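Here the structure comes first, spelled out in structure tokens, and everything after it is commentary.
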Amino acid sequence: MNIQDNVPLSDYTSFGVGGLAEHFSLVNNAEDLTEALKCTLPSTPLWVLGYGSNCLISDHGLPGMTICVRGGDITVDRTFITADAGAWWDDVVKAAIEHGLWGIELTSEVPGSVGGSTFVNIAAYGQSLGSVVEWIEIWDRNASQVKKLHRNDLSWSYKSSVFQTDKGKNWIILRVCLCLSSKITDELTYQKALDVASELRLNIDSLEDRRKVIIEARKRAGSLWHPDGGEAHTVGSFFRNPTVSKEQVDAIIAFDESGVSAEQIRKMNQIHGGSEARVSAAHVMLAAGFKRGQIFADGRVKLNDKNLLKIEALPGATAQAIYDAVREIQETCYEKLGIRLEPEARILGAFK
């Protein structure tokens, strides 16, 4: 196990900001991750990162031990796929499609590691990761041992998992097993994706074509990111879609700028969040007066030109400047609309 001191975490996040890790180790598979965890005392503050595509790390850095896991094995056995926590999520999706397995194809090109995707319970176009998890191998910091959690041990909800609760806060994901299907499991009903399929003459009942549709839809929404790419410094959608009162739904969706009908928007709300009352956080921001391309922090932070939910770090940005923009958005939405926007991204370390 190679441990370094005072490592800049800005090199390990998609925002490209963040201070120093007091102690840092980069590991490449589940076995090395387990060994690194065994060497970390339970009393030591611990931070586990994947590709850093869904976190904002303080300019003051992180105390204790930071373990970054990137890489790992992916194996397919009949309809089961097992992947190390550090494997790139889209590599798992590609493996499933290559073996004719349905159940995660609509999450194509969601950026991040398998561990991070499981922690968040990623969801896209009507599919969520939690619904196909068979078991998860974890390191239990309290017991200092490896354990296996089965379906009955796990709980999932919109963009949330047991790992975000007090019960699971000391469980570190090592390996995840998914149970997929050799037959189609989910209808693709999201209108913007259907429009892409129609335009490109792609068959949504074909796994390979579905992947092409989703990737193109994500590309048009400005939602593609790769750790070695030249994309904007962002973590994707920063906020979760909130649930609002029945009376607020129509008022919020009236701010949609895409030209689709209110009925279609309600359907998309249902697909994305499981409820017509879970409205788009982007619509909430529009209703509160925010605009695409809006600038914050004297030109160091902006809202993406295509996707309002993407907060971009521009040259000279700091984590605190991004955090201040986040707080301004949250406070404005609450003051004007009474709606609290909760971060989907993880905010790590100390902020003012």
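Chain labels follow the order of the structure tokens: the first chain is A, the next B, and so on; residue numbering restarts at 1 in every chain, and ligands are counted from 1 in their shown order.
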(request) Can you check which residues of stretch 83-304 of chain A DSSP gives as alpha helix (DSSP H) on the backbone and send them as number ranges by chain? (result) A: 89-98, 114-120, 191-200, 207-220, 246-253, 262-273, 281-287
Those residues you just picked out, can you put them in a file as a PDB file, in the first residue's frame with C-alpha atoms?
ATOM      1  CA  TRP A  89     -19.774   2.350 -14.484  1.00  0.00           C
ATOM      2  CA  ASP A  90     -20.235   2.609 -18.229  1.00  0.00           C
ATOM      3  CA  ASP A  91     -17.850  -0.314 -18.719  1.00  0.00           C
ATOM      4  CA  VAL A  92     -20.374  -2.390 -16.758  1.00  0.00           C
ATOM      5  CA  VAL A  93     -23.176  -1.166 -19.016  1.00  0.00           C
ATOM      6  CA  LYS A  94     -21.145  -2.064 -22.094  1.00  0.00           C
ATOM      7  CA  ALA A  95     -20.419  -5.541 -20.691  1.00  0.00           C
ATOM      8  CA  ALA A  96     -24.137  -6.084 -20.072  1.00  0.00           C
ATOM      9  CA  ILE A  97     -25.046  -5.077 -23.611  1.00  0.00           C
ATOM     10  CA  GLU A  98     -22.283  -7.221 -25.123  1.00  0.00           C
ATOM     11  CA  VAL A 114     -19.469   1.379  -9.628  1.00  0.00           C
ATOM     12  CA  GLY A 115     -19.096   2.220  -5.940  1.00  0.00           C
ATOM     13  CA  GLY A 116     -20.097   5.838  -6.407  1.00  0.00           C
ATOM     14  CA  SER A 117     -23.011   4.893  -8.656  1.00  0.00           C
ATOM     15  CA  THR A 118     -24.270   2.448  -6.025  1.00  0.00           C
ATOM     16  CA  PHE A 119     -23.816   4.952  -3.196  1.00  0.00           C
ATOM     17  CA  VAL A 120     -25.939   7.488  -5.091  1.00  0.00           C
ATOM     18  CA  GLN A 191     -40.104  11.747 -24.741  1.00  0.00           C
ATOM     19  CA  LYS A 192     -36.790  13.446 -25.513  1.00  0.00           C
ATOM     20  CA  ALA A 193     -35.131  10.050 -25.896  1.00  0.00           C
ATOM     21  CA  LEU A 194     -37.984   8.840 -28.095  1.00  0.00           C
ATOM     22  CA  ASP A 195     -37.544  11.921 -30.277  1.00  0.00           C
ATOM     23  CA  VAL A 196     -33.861  11.067 -30.707  1.00  0.00           C
ATOM     24  CA  ALA A 197     -34.748   7.485 -31.649  1.00  0.00           C
ATOM     25  CA  SER A 198     -37.260   8.691 -34.218  1.00  0.00           C
ATOM     26  CA  GLU A 199     -34.880  11.242 -35.714  1.00  0.00           C
ATOM     27  CA  LEU A 200     -31.998   8.757 -36.006  1.00  0.00           C
ATOM     28  CA  LEU A 207     -30.087  -3.038 -26.727  1.00  0.00           C
ATOM     29  CA  GLU A 208     -27.426  -1.592 -28.997  1.00  0.00           C
ATOM     30  CA  ASP A 209     -29.779   1.030 -30.436  1.00  0.00           C
ATOM     31  CA  ARG A 210     -31.078   1.958 -26.994  1.00  0.00           C
ATOM     32  CA  ARG A 211     -27.536   2.714 -25.916  1.00  0.00           C
ATOM     33  CA  LYS A 212     -27.021   4.907 -28.991  1.00  0.00           C
ATOM     34  CA  VAL A 213     -30.258   6.768 -28.220  1.00  0.00           C
ATOM     35  CA  ILE A 214     -29.331   7.416 -24.588  1.00  0.00           C
ATOM     36  CA  ILE A 215     -25.803   8.535 -25.390  1.00  0.00           C
ATOM     37  CA  GLU A 216     -27.075  10.967 -28.026  1.00  0.00           C
ATOM     38  CA  ALA A 217     -29.779  12.283 -25.664  1.00  0.00           C
ATOM     39  CA  ARG A 218     -27.183  12.820 -22.929  1.00  0.00           C
ATOM     40  CA  LYS A 219     -24.848  14.489 -25.426  1.00  0.00           C
ATOM     41  CA  ARG A 220     -27.546  16.954 -26.481  1.00  0.00           C
ATOM     42  CA  LYS A 246     -49.849  19.625  -5.880  1.00  0.00           C
ATOM     43  CA  GLU A 247     -50.622  23.327  -6.151  1.00  0.00           C
ATOM     44  CA  GLN A 248     -47.005  24.156  -6.983  1.00  0.00           C
ATOM     45  CA  VAL A 249     -46.566  21.596  -9.768  1.00  0.00           C
ATOM     46  CA  ASP A 250     -48.363  23.547 -12.509  1.00  0.00           C
ATOM     47  CA  ALA A 251     -46.743  26.824 -11.470  1.00  0.00           C
ATOM     48  CA  ILE A 252     -43.266  25.283 -11.618  1.00  0.00           C
ATOM     49  CA  ILE A 253     -43.608  23.402 -14.908  1.00  0.00           C
ATOM     50  CA  ALA A 262     -47.477  20.098 -19.367  1.00  0.00           C
ATOM     51  CA  GLU A 263     -48.759  16.538 -19.680  1.00  0.00           C
ATOM     52  CA  GLN A 264     -45.427  15.379 -21.114  1.00  0.00           C
ATOM     53  CA  ILE A 265     -43.524  17.176 -18.360  1.00  0.00           C
ATOM     54  CA  ARG A 266     -45.601  15.457 -15.679  1.00  0.00           C
ATOM     55  CA  LYS A 267     -44.835  12.142 -17.362  1.00  0.00           C
ATOM     56  CA  MET A 268     -41.116  12.963 -17.382  1.00  0.00           C
ATOM     57  CA  ASN A 269     -41.333  13.901 -13.690  1.00  0.00           C
ATOM     58  CA  GLN A 270     -42.862  10.480 -13.030  1.00  0.00           C
ATOM     59  CA  ILE A 271     -40.124   8.729 -15.003  1.00  0.00           C
ATOM     60  CA  HIS A 272     -37.256  10.652 -13.418  1.00  0.00           C
ATOM     61  CA  GLY A 273     -38.431  10.771  -9.825  1.00  0.00           C
ATOM     62  CA  ALA A 281     -34.861  21.179 -10.060  1.00  0.00           C
ATOM     63  CA  ALA A 282     -34.042  23.084 -13.264  1.00  0.00           C
ATOM     64  CA  HIS A 283     -37.656  24.261 -13.498  1.00  0.00           C
ATOM     65  CA  VAL A 284     -37.474  25.388  -9.865  1.00  0.00           C
ATOM     66  CA  MET A 285     -34.339  27.389 -10.614  1.00  0.00           C
ATOM     67  CA  LEU A 286     -35.984  28.969 -13.666  1.00  0.00           C
ATOM     68  CA  ALA A 287     -39.004  29.879 -11.551  1.00  0.00           C
TER      69      ALA A 287
END
Who sits within 12 Å of A:Asp59, only C-alpha atoms, same chain under 2 positions skipped, as a short mmCIF file (atom, residue, chain, number, x, y, z; two decimals) with N, CA and C atoms, in the first residue's frame:
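Done, and the output landed in selection-v8.cif:
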data_model
loop_
_atom_site.label_atom_id
_atom_site.label_comp_id
_atom_site.auth_asym_id
_atom_site.auth_seq_id
_atom_site.Cartn_x
_atom_site.Cartn_y
_atom_site.Cartn_z
N PRO A 8 -2.73 17.00 -3.67
CA PRO A 8 -3.80 17.89 -4.14
C PRO A 8 -5.00 17.10 -4.67
N LEU A 9 -6.14 17.28 -4.05
CA LEU A 9 -7.34 16.55 -4.47
C LEU A 9 -7.98 17.15 -5.71
N SER A 10 -7.56 18.34 -6.09
CA SER A 10 -8.09 18.95 -7.32
C SER A 10 -7.76 18.09 -8.54
N PHE A 15 -14.57 18.72 -10.82
CA PHE A 15 -14.60 20.17 -10.64
C PHE A 15 -13.20 20.77 -10.81
N GLY A 16 -12.17 19.98 -10.52
CA GLY A 16 -10.80 20.48 -10.62
C GLY A 16 -10.44 21.44 -9.50
N VAL A 17 -11.15 21.35 -8.37
CA VAL A 17 -10.85 22.19 -7.20
C VAL A 17 -10.73 21.29 -5.98
N GLY A 18 -10.28 21.86 -4.88
CA GLY A 18 -10.14 21.09 -3.64
C GLY A 18 -8.73 21.20 -3.10
N GLY A 19 -8.61 21.13 -1.78
CA GLY A 19 -7.32 21.25 -1.12
C GLY A 19 -6.56 19.94 -1.06
N LEU A 20 -5.74 19.80 -0.03
CA LEU A 20 -4.84 18.65 0.09
C LEU A 20 -5.45 17.53 0.93
N ALA A 21 -5.17 16.31 0.53
CA ALA A 21 -5.47 15.15 1.37
C ALA A 21 -4.32 14.99 2.34
N LEU A 56 -17.84 17.84 -4.27
CA LEU A 56 -17.19 19.13 -4.13
C LEU A 56 -16.36 19.06 -2.86
N ILE A 57 -15.04 19.17 -3.00
CA ILE A 57 -14.12 19.03 -1.87
C ILE A 57 -13.60 20.40 -1.46
N GLY A 61 -9.08 21.00 2.07
CA GLY A 61 -8.70 19.61 1.93
C GLY A 61 -9.44 18.70 2.88
N LEU A 62 -8.92 17.48 3.04
CA LEU A 62 -9.57 16.47 3.87
C LEU A 62 -8.57 15.91 4.87
N PRO A 63 -8.94 15.90 6.16
CA PRO A 63 -8.06 15.32 7.18
C PRO A 63 -8.10 13.80 7.14
N ALA A 317 -11.58 29.39 -10.28
CA ALA A 317 -12.62 28.99 -9.32
C ALA A 317 -12.01 28.31 -8.11
N THR A 318 -12.66 28.46 -6.99
CA THR A 318 -12.31 27.74 -5.77
C THR A 318 -13.52 26.93 -5.33
N ALA A 319 -13.29 25.98 -4.46
CA ALA A 319 -14.41 25.20 -3.93
C ALA A 319 -15.36 26.10 -3.16
N GLN A 320 -14.82 27.08 -2.43
CA GLN A 320 -15.67 27.98 -1.67
C GLN A 320 -16.55 28.82 -2.59
N ALA A 321 -16.00 29.26 -3.73
CA ALA A 321 -16.80 30.04 -4.69
C ALA A 321 -17.95 29.21 -5.25
N ILE A 322 -17.68 27.94 -5.53
CA ILE A 322 -18.75 27.05 -6.00
C ILE A 322 -19.78 26.85 -4.91
N TYR A 323 -19.31 26.63 -3.70
CA TYR A 323 -20.22 26.42 -2.56
C TYR A 323 -21.08 27.66 -2.34
N ILE A 347 -20.81 17.02 -0.66
CA ILE A 347 -20.02 18.17 -0.26
C ILE A 347 -19.13 17.72 0.89
N LEU A 348 -17.82 17.68 0.65
CA LEU A 348 -16.87 17.07 1.58
C LEU A 348 -15.90 18.10 2.14
N GLY A 349 -15.72 18.07 3.47
CA GLY A 349 -14.79 18.97 4.11
C GLY A 349 -15.46 20.21 4.67
N ALA A 350 -14.65 21.17 5.09
CA ALA A 350 -15.14 22.35 5.79
C ALA A 350 -15.32 23.53 4.84
N PHE A 351 -16.49 24.17 4.96
CA PHE A 351 -16.80 25.38 4.19
C PHE A 351 -17.30 26.45 5.14
N LYS A 352 -17.20 27.70 4.72
CA LYS A 352 -17.70 28.81 5.53
C LYS A 352 -19.22 28.85 5.50
#
(message) So that I can see what lies close to stretch 334-343 of chain A, please list as a VMD selection string the residues with an atom at most 10 Å from it, counting only C-alpha atoms and leaving out residues fewer than 2 positions away in the same chain.
(response) chain A and resid 55 237 to 245 248 252 281 284 to 285 287 to 289 326 to 332 345 to 347
Can I get the selection written as a short mmCIF file (atom, residue, chain, number, x, y, z; two decimals), in the first residue's frame, with C-alpha atoms?
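Heads up, here's the output in out27.cif:
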data_model
loop_
_atom_site.label_atom_id
_atom_site.label_comp_id
_atom_site.auth_asym_id
_atom_site.auth_seq_id
_atom_site.Cartn_x
_atom_site.Cartn_y
_atom_site.Cartn_z
CA CYS A 55 -18.31 15.67 -5.19
CA SER A 237 -26.77 17.79 -12.07
CA PHE A 238 -25.88 19.35 -8.72
CA PHE A 239 -29.36 19.22 -7.16
CA ARG A 240 -31.93 16.48 -6.60
CA ASN A 241 -35.38 17.02 -8.08
CA PRO A 242 -37.60 18.15 -5.17
CA THR A 243 -41.10 17.04 -4.28
CA VAL A 244 -43.52 19.97 -4.16
CA SER A 245 -47.18 20.44 -3.31
CA GLN A 248 -47.00 24.16 -6.98
CA ILE A 252 -43.27 25.28 -11.62
CA ALA A 281 -34.86 21.18 -10.06
CA VAL A 284 -37.47 25.39 -9.86
CA MET A 285 -34.34 27.39 -10.61
CA ALA A 287 -39.00 29.88 -11.55
CA ALA A 288 -36.67 31.52 -9.03
CA GLY A 289 -35.10 33.65 -11.77
CA VAL A 326 -24.81 26.67 -4.43
CA ARG A 327 -25.95 28.43 -1.25
CA GLU A 328 -27.18 31.44 -3.24
CA ILE A 329 -29.28 29.16 -5.45
CA GLN A 330 -30.67 27.27 -2.46
CA GLU A 331 -31.50 30.40 -0.47
CA THR A 332 -33.10 32.18 -3.44
CA ALA A 345 -23.41 15.99 -5.21
CA ARG A 346 -21.45 15.15 -2.06
CA ILE A 347 -20.02 18.17 -0.26
#
Select from stretch 131-225 of chain A every residue with an atom at most 6 Å from any atom of stretch 102-112 of chain A, then for each give the shortest pair of atoms and their distance in Å to one decimal, using only C-alpha atoms, rows by chain and rising number, as CSV.
residue,atom,partner,partner_atom,distance
A:Leu180,CA,A:Gly103,CA,5.5
A:Ser181,CA,A:Trp102,CA,5.1
A:Ile184,CA,A:Trp102,CA,5.6
A:Thr185,CA,A:Gly103,CA,6.0
(request) Report the residues of stretch 113-337 of chain A whose backbone DSSP state falls under strand (DSSP E or B), written as a ChimeraX atom specification. (result) /A:113,123-124,127-128,133-140,145-150,156-157,160-161,171-179,181,233,237,239,243,278,295-296,301-303,310-313
(request) Name the residues in contact with A:Glu137 at a cut-off of 9 Å, using only C-alpha atoms, excluding same-chain residues fewer than 6 positions from it; report them as a list of chain:residue names. (result)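 Result of the neighbour search: A:Val146, A:Lys147, A:Lys148, A:Leu149, A:His150, A:Ile172, A:Ile173, A:Leu174, A:Arg175, A:Val176, A:Cys177.
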Neighbour list for stretch 293-297 of chain A as a tab-separated table (two decimals) with N, CA and C atoms, in the first residue's frame, cut-off 8 Å, only C-alpha atoms, skip fewer than 5 positions in-chain:
chain	number	residue	atom	x	y	z
A	302	LYS	N	-20.19	29.46	-13.17
A	302	LYS	CA	-21.34	29.76	-14.01
A	302	LYS	C	-22.27	28.57	-14.08
A	303	LEU	N	-23.50	28.83	-14.51
A	303	LEU	CA	-24.44	27.77	-14.84
A	303	LEU	C	-24.23	27.40	-16.30
A	304	ASN	N	-24.25	26.12	-16.59
A	304	ASN	CA	-23.99	25.62	-17.93
A	304	ASN	C	-24.94	26.24	-18.96
A	305	ASP	N	-24.46	26.43	-20.17
A	305	ASP	CA	-25.27	27.05	-21.22
A	305	ASP	C	-26.41	26.16	-21.69
A	306	LYS	N	-26.27	24.83	-21.54
A	306	LYS	CA	-27.30	23.89	-21.97
A	306	LYS	C	-28.14	23.38	-20.81
A	308	LEU	N	-29.12	23.77	-16.91
A	308	LEU	CA	-29.14	24.71	-15.79
A	308	LEU	C	-28.64	24.08	-14.49
A	321	ALA	N	-16.00	29.26	-3.73
A	321	ALA	CA	-16.80	30.04	-4.69
A	321	ALA	C	-17.95	29.21	-5.25
A	325	ALA	N	-22.05	29.80	-4.58
A	325	ALA	CA	-23.06	29.82	-5.64
A	325	ALA	C	-24.18	28.84	-5.33
(request) Can you work out which one of A:Val279, A:Val235, A:Leu178, A:Ala221 has the shortest atom-to-atom distance to A:Ile311, counting only C-alpha atoms? (result)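 The answer is A:Val235, which sits nearest to A:Ile311.
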(message) Report, in Å to a single decimal, how far apart atom CA of A:Thr75 and atom CA of A:Glu35 are.
(response) 21.3 Å
Wanna dump the stretch 177-259 of chain A-stretch 122-128 of chain A contacts at 9 Å for me, each residue with its shortest atom pair and the distance in Å to one decimal, counting only C-alpha atoms, ordered by chain and number, as a tab-separated table?
residue	atom	partner	partner_atom	distance
A:Asp186	CA	A:Gln127	CA	7.4
A:Glu187	CA	A:Gly126	CA	8.2
A:Leu188	CA	A:Tyr125	CA	7.2
A:Thr189	CA	A:Tyr125	CA	7.8
A:Tyr190	CA	A:Tyr125	CA	6.1
A:Ala193	CA	A:Tyr125	CA	8.2
A:Ile214	CA	A:Tyr125	CA	8.4
(request) Would you please work out which residue, of A:Val69, A:Trp139, A:Ser14, A:Gln4, is nearest to A:Thr34 when using only C-alpha atoms? (result)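 With only C-alpha atoms as the atom set, the closest residue is A:Trp139.
Taking only C-alpha atoms into account, A:Asp153 lies nearest to A:Glu134 out of the set A:Glu134, A:Glu276, A:Glu257, A:Asp5.
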(request) Work out how far apart atom CA of A:Val132 and atom CA of A:Ala87 are and give it in Å to one decimal. (result)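 These atoms are spaced 17.2 Å apart.
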(request) Please indicate the distance in Å from atom CA of A:Leu37 to atom CA of A:Asp140, rounded to one decimal place. (result)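 Interatomic distance here is 9.5 Å.
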